[in-house]
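One file, protein.cif, is given below (mmCIF, C-alpha atoms).
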```cif
data_model
#
loop_
_atom_site.label_atom_id
_atom_site.label_comp_id
_atom_site.auth_asym_id
_atom_site.auth_seq_id
_atom_site.Cartn_x
_atom_site.Cartn_y
_atom_site.Cartn_z
CA MET T 166 -36.04 -44.65 -23.75
CA ARG T 167 -32.99 -42.86 -25.17
CA ILE T 168 -34.35 -39.55 -23.89
CA THR T 169 -34.84 -40.75 -20.32
CA SER T 170 -31.52 -42.62 -20.33
CA ALA T 171 -29.71 -39.44 -21.31
CA ASP T 172 -31.78 -37.26 -18.96
CA PRO T 173 -33.22 -39.09 -15.91
CA ASP T 174 -35.25 -36.01 -14.87
CA HIS T 175 -36.97 -35.67 -18.25
CA SER T 176 -40.15 -37.52 -17.19
CA HIS T 177 -40.58 -35.45 -14.03
CA ARG T 178 -40.19 -32.21 -16.00
CA TYR T 179 -42.70 -33.49 -18.56
CA ILE T 180 -45.25 -34.17 -15.81
CA GLN T 181 -44.63 -30.73 -14.29
CA ARG T 182 -44.97 -29.03 -17.68
CA PHE T 183 -48.59 -30.17 -18.04
CA LYS T 184 -49.40 -29.35 -14.41
CA THR T 185 -48.11 -25.82 -15.02
CA MET T 186 -50.07 -25.50 -18.25
CA ALA T 187 -53.24 -26.63 -16.47
CA SER T 188 -52.73 -24.21 -13.59
CA ASN T 189 -52.26 -21.42 -16.14
CA GLY T 190 -55.64 -22.25 -17.69
CA ALA T 191 -54.41 -23.92 -20.89
CA ASP T 192 -56.94 -26.05 -22.74
CA LEU T 193 -55.45 -29.53 -22.48
CA HIS T 194 -58.46 -31.51 -23.67
CA GLY T 195 -58.78 -30.97 -27.43
CA GLU T 196 -57.80 -34.57 -28.17
CA THR T 197 -60.24 -35.83 -25.54
CA ARG T 198 -63.17 -33.84 -26.95
CA MET T 199 -62.55 -35.22 -30.43
CA ILE T 200 -62.28 -38.85 -29.35
CA ASP T 201 -65.25 -38.51 -26.97
CA ALA T 202 -67.40 -37.23 -29.86
CA MET T 203 -66.41 -40.19 -32.06
CA VAL T 204 -67.54 -42.99 -29.73
CA GLN T 205 -70.54 -44.09 -27.67
CA ARG T 206 -70.53 -43.91 -23.84
CA ASN T 207 -68.56 -46.70 -22.20
CA ALA T 208 -66.34 -47.15 -25.26
CA HIS T 209 -63.15 -49.17 -24.90
CA ILE T 210 -60.30 -46.76 -25.69
CA LEU T 211 -56.55 -47.25 -25.92
CA ASP T 212 -54.36 -44.24 -25.15
CA ALA T 213 -51.18 -45.28 -26.98
CA GLY T 214 -48.11 -43.49 -25.66
CA CYS T 215 -50.25 -42.14 -22.84
CA GLY T 216 -47.56 -40.36 -20.85
CA PRO T 217 -48.97 -39.30 -17.46
CA GLY T 218 -52.54 -40.02 -18.58
CA ARG T 219 -53.72 -36.57 -19.57
CA VAL T 220 -55.91 -37.78 -22.48
CA GLY T 221 -56.84 -41.23 -21.20
CA GLY T 222 -57.63 -40.01 -17.70
CA GLU T 223 -60.04 -37.40 -19.03
CA LEU T 224 -61.68 -39.96 -21.32
CA GLN T 225 -62.13 -42.24 -18.29
CA ARG T 226 -63.77 -39.36 -16.38
CA ARG T 227 -66.12 -38.85 -19.35
CA GLY T 228 -67.47 -42.38 -19.03
CA HIS T 229 -65.17 -44.57 -21.10
CA ARG T 230 -63.11 -47.67 -20.27
CA VAL T 231 -59.51 -46.66 -20.87
CA VAL T 232 -56.27 -48.56 -21.17
CA GLY T 233 -53.15 -46.43 -21.36
CA VAL T 234 -49.78 -47.74 -22.54
CA ASP T 235 -46.40 -46.05 -22.24
CA VAL T 236 -42.82 -47.29 -22.12
CA ASP T 237 -41.90 -44.90 -19.29
CA PRO T 238 -42.70 -46.29 -15.80
CA VAL T 239 -42.41 -42.82 -14.22
CA LEU T 240 -45.18 -41.52 -16.48
CA ILE T 241 -47.32 -44.62 -15.92
CA ASN T 242 -46.95 -44.25 -12.13
CA GLU T 243 -48.20 -40.66 -12.40
CA ALA T 244 -51.13 -41.79 -14.56
CA ARG T 245 -52.02 -44.44 -11.97
CA ARG T 246 -51.77 -41.90 -9.15
CA VAL T 247 -53.98 -39.30 -10.84
CA ASN T 248 -56.43 -41.65 -12.60
CA PRO T 249 -56.61 -44.96 -10.70
CA GLU T 250 -59.88 -45.99 -12.38
CA ALA T 251 -58.21 -46.52 -15.77
CA THR T 252 -55.84 -49.38 -16.60
CA TRP T 253 -52.23 -48.32 -17.12
CA VAL T 254 -49.63 -50.64 -18.67
CA VAL T 255 -45.88 -50.19 -18.98
CA SER T 256 -45.04 -51.47 -22.45
CA ASP T 257 -43.14 -50.50 -25.54
CA LEU T 258 -45.60 -49.79 -28.37
CA ALA T 259 -43.25 -51.71 -30.66
CA LEU T 260 -44.04 -54.83 -28.59
CA LEU T 261 -47.73 -54.10 -27.99
CA ASP T 262 -49.60 -57.31 -27.18
CA LEU T 263 -52.38 -56.50 -24.73
CA PRO T 264 -53.98 -59.99 -24.81
CA ALA T 265 -50.69 -61.22 -23.29
CA VAL T 266 -51.51 -59.15 -20.18
CA GLY T 267 -55.19 -60.16 -20.07
CA ILE T 268 -56.71 -57.32 -22.11
CA ASN T 269 -58.53 -59.22 -24.84
CA GLU T 270 -61.32 -56.87 -25.90
CA GLY T 271 -60.65 -54.85 -29.05
CA PHE T 272 -60.74 -51.06 -28.88
CA ASP T 273 -63.47 -48.83 -30.24
CA ALA T 274 -60.86 -46.10 -30.53
CA ILE T 275 -57.12 -45.81 -30.28
CA VAL T 276 -55.73 -42.34 -29.67
CA CYS T 277 -52.05 -41.65 -30.23
CA ALA T 278 -51.42 -37.97 -29.49
CA GLY T 279 -48.46 -35.86 -28.46
CA ASN T 280 -46.11 -36.61 -31.37
CA VAL T 281 -45.68 -40.19 -30.13
CA MET T 282 -45.15 -41.55 -33.65
CA THR T 283 -42.14 -39.29 -34.11
CA PHE T 284 -40.45 -40.64 -30.97
CA LEU T 285 -40.52 -44.21 -32.23
CA ALA T 286 -37.48 -45.73 -33.89
CA ALA T 287 -38.10 -45.57 -37.64
CA SER T 288 -37.65 -49.33 -37.88
CA THR T 289 -40.61 -49.92 -35.52
CA ARG T 290 -43.20 -47.53 -36.99
CA VAL T 291 -44.95 -49.98 -39.34
CA GLY T 292 -44.99 -52.61 -36.58
CA VAL T 293 -46.60 -50.19 -34.15
CA LEU T 294 -49.24 -49.29 -36.74
CA ARG T 295 -49.86 -53.03 -37.38
CA ALA T 296 -50.37 -53.50 -33.65
CA PHE T 297 -52.90 -50.66 -33.64
CA ALA T 298 -54.79 -52.37 -36.48
CA ARG T 299 -54.73 -55.72 -34.60
CA HIS T 300 -56.06 -54.15 -31.42
CA LEU T 301 -59.03 -52.36 -33.04
CA ALA T 302 -62.51 -53.79 -32.59
CA PRO T 303 -64.60 -54.18 -35.75
CA GLY T 304 -65.57 -50.66 -36.80
CA GLY T 305 -62.99 -49.14 -34.45
CA ARG T 306 -60.83 -46.22 -35.45
CA ALA T 307 -57.26 -45.18 -34.72
CA VAL T 308 -56.62 -41.44 -34.41
CA ILE T 309 -52.99 -40.38 -34.63
CA GLY T 310 -51.66 -36.83 -34.45
CA PHE T 311 -48.20 -35.31 -34.82
CA GLY T 312 -46.42 -32.24 -36.10
CA GLN T 313 -44.36 -31.67 -39.19
CA GLY T 314 -40.57 -31.31 -39.02
CA ARG T 315 -40.02 -34.15 -36.55
CA GLY T 316 -38.36 -36.63 -38.90
CA TYR T 317 -41.50 -38.39 -40.13
CA GLU T 318 -43.04 -36.98 -43.28
CA PHE T 319 -46.82 -37.11 -43.45
CA ALA T 320 -46.80 -38.94 -46.81
CA ASP T 321 -44.43 -41.59 -45.41
CA PHE T 322 -46.67 -42.01 -42.37
CA ILE T 323 -49.81 -42.50 -44.51
CA ARG T 324 -47.94 -45.01 -46.67
CA ASP T 325 -46.75 -46.88 -43.55
CA ALA T 326 -50.29 -46.93 -42.15
CA HIS T 327 -51.64 -48.42 -45.37
CA GLU T 328 -48.89 -51.06 -45.32
CA ALA T 329 -49.93 -51.87 -41.74
CA GLY T 330 -53.56 -52.48 -42.71
CA LEU T 331 -55.02 -49.09 -41.77
CA ARG T 332 -57.02 -46.99 -44.24
CA LEU T 333 -57.24 -43.24 -43.96
CA GLN T 334 -60.82 -42.12 -43.39
CA LEU T 335 -60.22 -38.46 -42.55
CA GLY T 336 -57.27 -36.08 -42.47
CA LEU T 337 -57.40 -33.02 -40.22
CA SER T 338 -54.88 -30.32 -39.33
CA THR T 339 -55.96 -29.91 -35.69
CA TRP T 340 -57.75 -31.78 -32.93
CA ASP T 341 -60.60 -29.28 -33.29
CA LEU T 342 -61.49 -30.63 -36.73
CA LYS T 343 -59.96 -28.12 -39.12
CA PRO T 344 -59.38 -29.79 -42.50
CA PHE T 345 -55.90 -30.90 -43.53
CA GLU T 346 -54.49 -28.79 -46.37
CA GLU T 347 -51.28 -28.93 -48.35
CA GLU T 348 -49.65 -26.27 -46.16
CA SER T 349 -50.78 -27.83 -42.85
CA THR T 350 -48.00 -28.31 -40.30
CA PHE T 351 -49.89 -30.77 -38.10
CA LEU T 352 -51.78 -33.93 -39.03
CA VAL T 353 -54.57 -35.67 -37.17
CA ALA T 354 -55.30 -38.82 -39.16
CA VAL T 355 -58.37 -40.98 -38.56
CA PHE T 356 -57.94 -44.58 -39.72
CA GLY T 357 -60.08 -47.67 -39.88
CA ARG T 358 -58.96 -51.21 -40.53
CA GLY T 359 -58.98 -52.39 -44.09
#
```

Go through the file and emit its structure as structure tokens.
Amino acid sequence: MRITSADPDHSHRYIQRFKTMASNGADLHGETRMIDAMVQRNAHILDAGCGPGRVGGELQRRGHRVVGVDVDPVLINEARRVNPEATWVVSDLALLDLPAVGINEGFDAIVCAGNVMTFLAASTRVGVLRAFARHLAPGGRAVIGFGQGRGYEFADFIRDAHEAGLRLQLGLSTWDLKPFEEESTFLVAVFGRG
């Protein structure tokens, strides 16, 4: 919210950035391929910090039931415009309570891509991770990816996730399944409840 308050055009530029990347032939679906491979058809998937719906919209097109959540109403309006079949909710992840808006079914997968975790206030990170754990269906997994050097050390993140009731099942360095190594500069962490 601080970003959009300081720069009211930020959201529109963000939307345009991905449109430009798509028109230039960039592969924008690495996250989608990974999540799609992890779940059965018609899975219930939460796109947490969904932005304009790039990941969630593609998952919906691939046969899943998607709920996307973002704090930015401009981005949610774009997601609704481009992918009206999915459910898009304006909400702060720090206050995530989907049963309060009638979404009671747990999620088979939660995807949190695009460095979302690094945009959260440090004081809310464990709470957001607890909300992810609460919203998972039995056997569901949360997949969270972000880059190094953004103010959230990987070790601190893993510790916070464990405190929140999530257990690391797999650590990767890319959305295309390369293993996480000590020198990796990106983390894709797959968690289950426990």

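Take the candidates T:Leu258, T:Val204, T:Val308, T:Leu263 and check each one against Ala286 in chain T using all atoms listed in the file; the shortest distance goes to T:Leu258.
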
Inset, instruction - Between T:Asp235, T:Glu346, T:Glu196, T:Glu243, single out the one closest to Leu261 in chain T, counting only C-alpha atoms. - result: T:Asp235

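If all atoms listed in the file are the atoms counted, then among T:Glu250, T:Phe311, T:Leu285, T:Leu240 the closest residue to Ser176 in chain T is T:Leu240.
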
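Across the structure, CA of Val353 in chain T and CA of Gly336 in chain T are spaced 6.0 Å apart.
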
Result set, the PyMOL selection byres ((chain T and resi 197) around 9) on current file, as a compact mmCIF listing (two decimals) with C-alpha atoms, keeping the file's coordinate frame:
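Full text of expr.txt as output:
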```
# COMPACT_ATOMS: atom_id res chain seq x y z
CA LEU T 193 -55.45 -29.53 -22.48
CA HIS T 194 -58.46 -31.51 -23.67
CA GLY T 195 -58.78 -30.97 -27.43
CA GLU T 196 -57.80 -34.57 -28.17
CA ARG T 198 -63.17 -33.84 -26.95
CA MET T 199 -62.55 -35.22 -30.43
CA ILE T 200 -62.28 -38.85 -29.35
CA ASP T 201 -65.25 -38.51 -26.97
CA ALA T 202 -67.40 -37.23 -29.86
CA ARG T 219 -53.72 -36.57 -19.57
CA VAL T 220 -55.91 -37.78 -22.48
CA GLY T 221 -56.84 -41.23 -21.20
CA GLU T 223 -60.04 -37.40 -19.03
CA LEU T 224 -61.68 -39.96 -21.32
CA VAL T 276 -55.73 -42.34 -29.67
CA TRP T 340 -57.75 -31.78 -32.93
```

Legend entry - Residues in the PyMOL selection byres ((chain T and resi 323) around 12), expressed as a count of residues only: 30

Inset, instruction - Using all atoms listed in the file, pick whichever of T:Arg315, T:Arg358, T:Gln225, T:Val255 has the shortest atom-to-atom distance to Ala287 in chain T. - result: T:Arg315

Inset, instruction - Just the residues within 10 Å of Asp257 in chain T, please, counting only C-alpha atoms, with nothing from its chain fewer than 4 positions along; format it as a list in words. - result: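 The residues satisfying every condition are Met166, Ala213, Gly214, Val234, Asp235, Val236, Asp237, Leu261, Asp262, Leu285 and Val293 of chain T.
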
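One finds CA of Arg230 in chain T at 11.1 Å from CA of Gln205 in chain T.
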
Legend entry - Atom pair CA of Phe351 in chain T / CA of Gly312 in chain T: separation (Å): 4.3 Å

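Residue nearest Gly267 in chain T within the list T:Asn207, T:Thr252, T:Asn189, T:Thr350: T:Thr252 [criterion: smallest interatomic distance, all atoms listed in the file].
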
Legend entry - Nearby residues, (-66.8, -48.5, -37.3) file frame, 9 Å, all atoms listed in the file, as a ChimeraX atom specification: /T:273,302-306,357-358

Legend entry - Which residue of T:Val231, T:Gly316, T:Asp192, T:His209 approaches Glu270 in chain T most closely, using all atoms listed in the file: T:His209

Put the listed atoms of range 264-274 of chain T in a box along x, y and z with 3 Å added on every side and give me the centre and edge lengths in Å to one decimal, as JSON.
```
{"center_x": -57.1, "center_y": -53.7, "center_z": -25.3, "size_x": 18.8, "size_y": 21.1, "size_z": 16.5}
```
